[in-house]
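Accompanying notes for the structure given below.
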Number of protein chains: 2
Amino acid sequence: MSEPRWLSGDEQQVWRDFSMAITMLQAHLEGQLQHESGMPHTYYEVLVSLSEAEDRRLRMSELAAVRRSSRSRLSHAVARLEAKGWVRRESCPTDKRGAWAVLTDEGFAALEEAAPGHVEAVRESLFDALSPTQVAALGDISAAILERLRPRCAAAVAAEEAAGFVAPVVELPKSG
Amino acid sequence: MSEPRWLSGDEQQVWRDFSMAITMLQAHLEGQLQHESGMPHTYYEVLVSLSEAEDRRLRMSELAAVRRSSRSRLSHAVARLEAKGWVRRESCPTDKRGAWAVLTDEGFAALEEAAPGHVEAVRESLFDALSPTQVAALGDISAAILERLRPRCAAAVAAEEAAGFVAPVVELPKSG
DNA sequence: AGCAGGTAATTGAGTCCTCAATCAGGGGTA
DNA sequence: TACCCCTGATTGAGGACTCAATTACCTGCT
C-alpha cells in the first residue's frame with residue numbers, strides 16, 4: 001500500500017464542517033419528527049414512498065429499493081409501522097413469497113399531520129440558511145455524490161435495474 | 001398555524017438528493033470503518049478528538065462538547081472503547097465527580113491503522129466526486145448550516161461557552 | 001456547619017439498526 | 001416429477017443510541 005492521499009488543511013476543514021453539519025442536521029430533524037410525530041425519519045420516508053406509489057402500496061423489495069434500505073431493516077420497520085396501524089401487509093397472490101406493504105388511511109393521516117412540521121424544520125434549518133445560489137450548488141453536489149456512490153451501493157444498483165437504468169459506458173477515473 | 005411553507009419542486013429535488021446523498025455517504029463510510037477497522041464512525045471521531053487533545057486526554061464533558069455528543073452516548077461509547085483497550089478512564093483529583101478519558105497507546109495505534117483507509121474512503125466517495133469549486137462551495141454551505149443549527153443545539157452552545165464563544169447580537173431573521 | 005440546588009457522569013430500558021441464519025416459494029433442467 | 005439454486009421476506013442476537021432516573025459530588029447561601 002502506498003502513502004495514502006491525506007487531506008490538505010483546507011480539505012480537512014471542509015470535511016470536518018460537512019461531517020458535523022450533516023450529523024447535526026440529521027439529528028435535529030430526527031428529533032423534531034420523533035418529538036412532534038412519534039416516528040423516526042426513516043419511517044417518515046417509508047410513509048412518503050408508499051403515499052406516492054400507485055394504490056399507496058409497494059412490494060417489500062420495491063420499497064427497499066426505492067428507499068435504498070436493506071430488506072431486513074425494512075422488514076423491522078414495516079413490522080413496527082404495522083403495529084402502529086399505519087401500514088398493512090398483504091400477501092401477494094401471484095408470488096406467494098412476496099408481500100405488499102400498503103399505507104392505511106391512518107398512516108396517510110399520520111403523514112399529513114407530520115408533514116408541515118417536518119418541511120418547516122427542513123426549511124428553517126437548511127434552506128433558510130442558504131442563498132439560492134448555494135441551494136443550486138448543493139443540488140449539483142448532491143447529485144455528484146449520488147452518482148459517485150451508485151456503483152458502490154448494491155441496493156442502488158438493484159433500484160436502478162428495476163427502473164430500467166442503464167449505466168454509462170465511461171470508466172470512472174481512478175484518479176490515483 | 002398558517003399554511004406551511006412547502007418546498008418548491010426544485011427545492012424538493014435538492015432536498016431529496018441531498019438527504020439521500022448524505023445518508024448513503026454516511027452509510028458507506030460507516031461500513032468501511034466497521035469492516036476494515038471494527039469501529040463505528042463515532043468511535044473513530046472520539047479517538048481523533050482524544051489524539052489531538054493535550055496529553056491525549058479530555059474530561060468526559062469536554063469530549064462530549066467537542067464531539068457535540070450527549071454525555072450518555074459518550075459514557076456508553078467510552079465504556080466500549082475501554083473494553084477494547086483503546087481508552088482508559090482516570091478519575092479527576094481536583095473534582096471527584098469528574099473523569100478523564102485517556103487515549104491508550106493501543107488506541108493511538110488503532111487510530112493510525114484505521115486512518116489511511118478512512119481518508120481514502122472519504123476522498124474517493126466525496127472529494128474525487130467534486131470539482132475544487134464545488135469543494136469550496138460545500139465548505140461555505142456546511143459552515144452556514146452549522147451556524148444556523150448552533151442556537152438550536154444545546155451541546156453546541158455548551159461547547160462554545162467552554163471555548164469562550166460569544167454569540168452575535170443580531171437576530172436571526174424569522175423569514176416567514 | 002448544614003442544606004439546597006446544580007453539575008459530572010453513569011445506568012437501564014427501550015428503539016432502530018446490522019449481520020447472519022432461516023423459511024418458503026419460484027423456475028429451470030434432466 | 002424431482003432436483004437444485006436463486007429470490008422474497010422474516011427472524012433473532014447484538015451493537016449504538018435516546019431518554020429518564022440515579023449516584024456522587026461541588027458550591028453558594030444562611
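As shown in the C-alpha cells, the chain order sets the letters A, B, ...; within each chain, residues go from 1, and ligands are also counted from 1 in the order they appear.
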Kindly determine which residues of chain B lie within 8 Å of chain C, considering only C-alpha atoms (C1' of nucleotides), and give the answer as a PDB file with C-alpha atoms, in the first residue's frame.
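Result file selection_32.pdb:
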ATOM      1  CA  MET B  60     -15.774  13.383  29.644  1.00  0.00           C
ATOM      2  CA  SER B  61     -17.816  16.550  29.380  1.00  0.00           C
ATOM      3  CA  ARG B  71     -22.977  12.621  27.871  1.00  0.00           C
ATOM      4  CA  SER B  72     -24.948   9.458  27.906  1.00  0.00           C
ATOM      5  CA  SER B  75     -20.418   7.277  28.511  1.00  0.00           C
ATOM      6  CA  ARG B  97     -17.194  13.735  40.188  1.00  0.00           C
ATOM      7  CA  GLY B  98     -15.116  14.136  37.072  1.00  0.00           C
ATOM      8  CA  ALA B  99     -13.394  11.593  34.862  1.00  0.00           C
TER       9      ALA B  99
END
**Request:** Write out as a PyMOL selection string every residue belonging to chain D that has an atom at most 12 Å from any atom of chain A, counting only C-alpha atoms (C1' of nucleotides).
**Result:** chain D and resi 7-12+17-19
Those residues with C-alpha atoms (C1' of nucleotides), as a PDB file, in the first residue's frame please?
ATOM      1  C1'  DT D   7     -35.073 -14.909  -4.768  1.00  0.00           C
ATOM      2  C1'  DG D   8     -38.548 -12.644  -1.289  1.00  0.00           C
ATOM      3  C1'  DA D   9     -39.045 -11.934   3.142  1.00  0.00           C
ATOM      4  C1'  DT D  10     -38.622 -12.657   8.108  1.00  0.00           C
ATOM      5  C1'  DT D  11     -36.204 -13.587  12.463  1.00  0.00           C
ATOM      6  C1'  DG D  12     -33.010 -13.092  16.453  1.00  0.00           C
ATOM      7  C1'  DC D  17     -28.294   5.449  20.553  1.00  0.00           C
ATOM      8  C1'  DT D  18     -32.070   8.141  23.391  1.00  0.00           C
ATOM      9  C1'  DC D  19     -34.460   9.362  27.383  1.00  0.00           C
TER      10       DC D  19
END
**Request:** Tell me the residues of chain A close to chain B, meaning within 6 Å using only C-alpha atoms, as an NGL selection string.
**Result:** :A and (4 or 14 or 17-18 or 21 or 116 or 129 or 139 or 142 or 144 or 146)
**Prompt:** Of the residues A:Gly85, A:Ser91, A:Val66, A:Arg80, which is the one nearest to Val48 in chain A, using only C-alpha atoms?
**Reply:**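 Smallest separation from Val48 in chain A among the options: A:Val66.
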**Asked** Hey, what's within 12 Å of range 101-114 of chain A if we count only C-alpha atoms (C1' of nucleotides) and toss same-chain stuff fewer than 4 positions away? As a PyMOL selection string, please?
**Response** (chain A and resi 29+32-41+43-64+74-75+77-79+81-92+118-121) or (chain B and resi 4) or (chain D and resi 9)
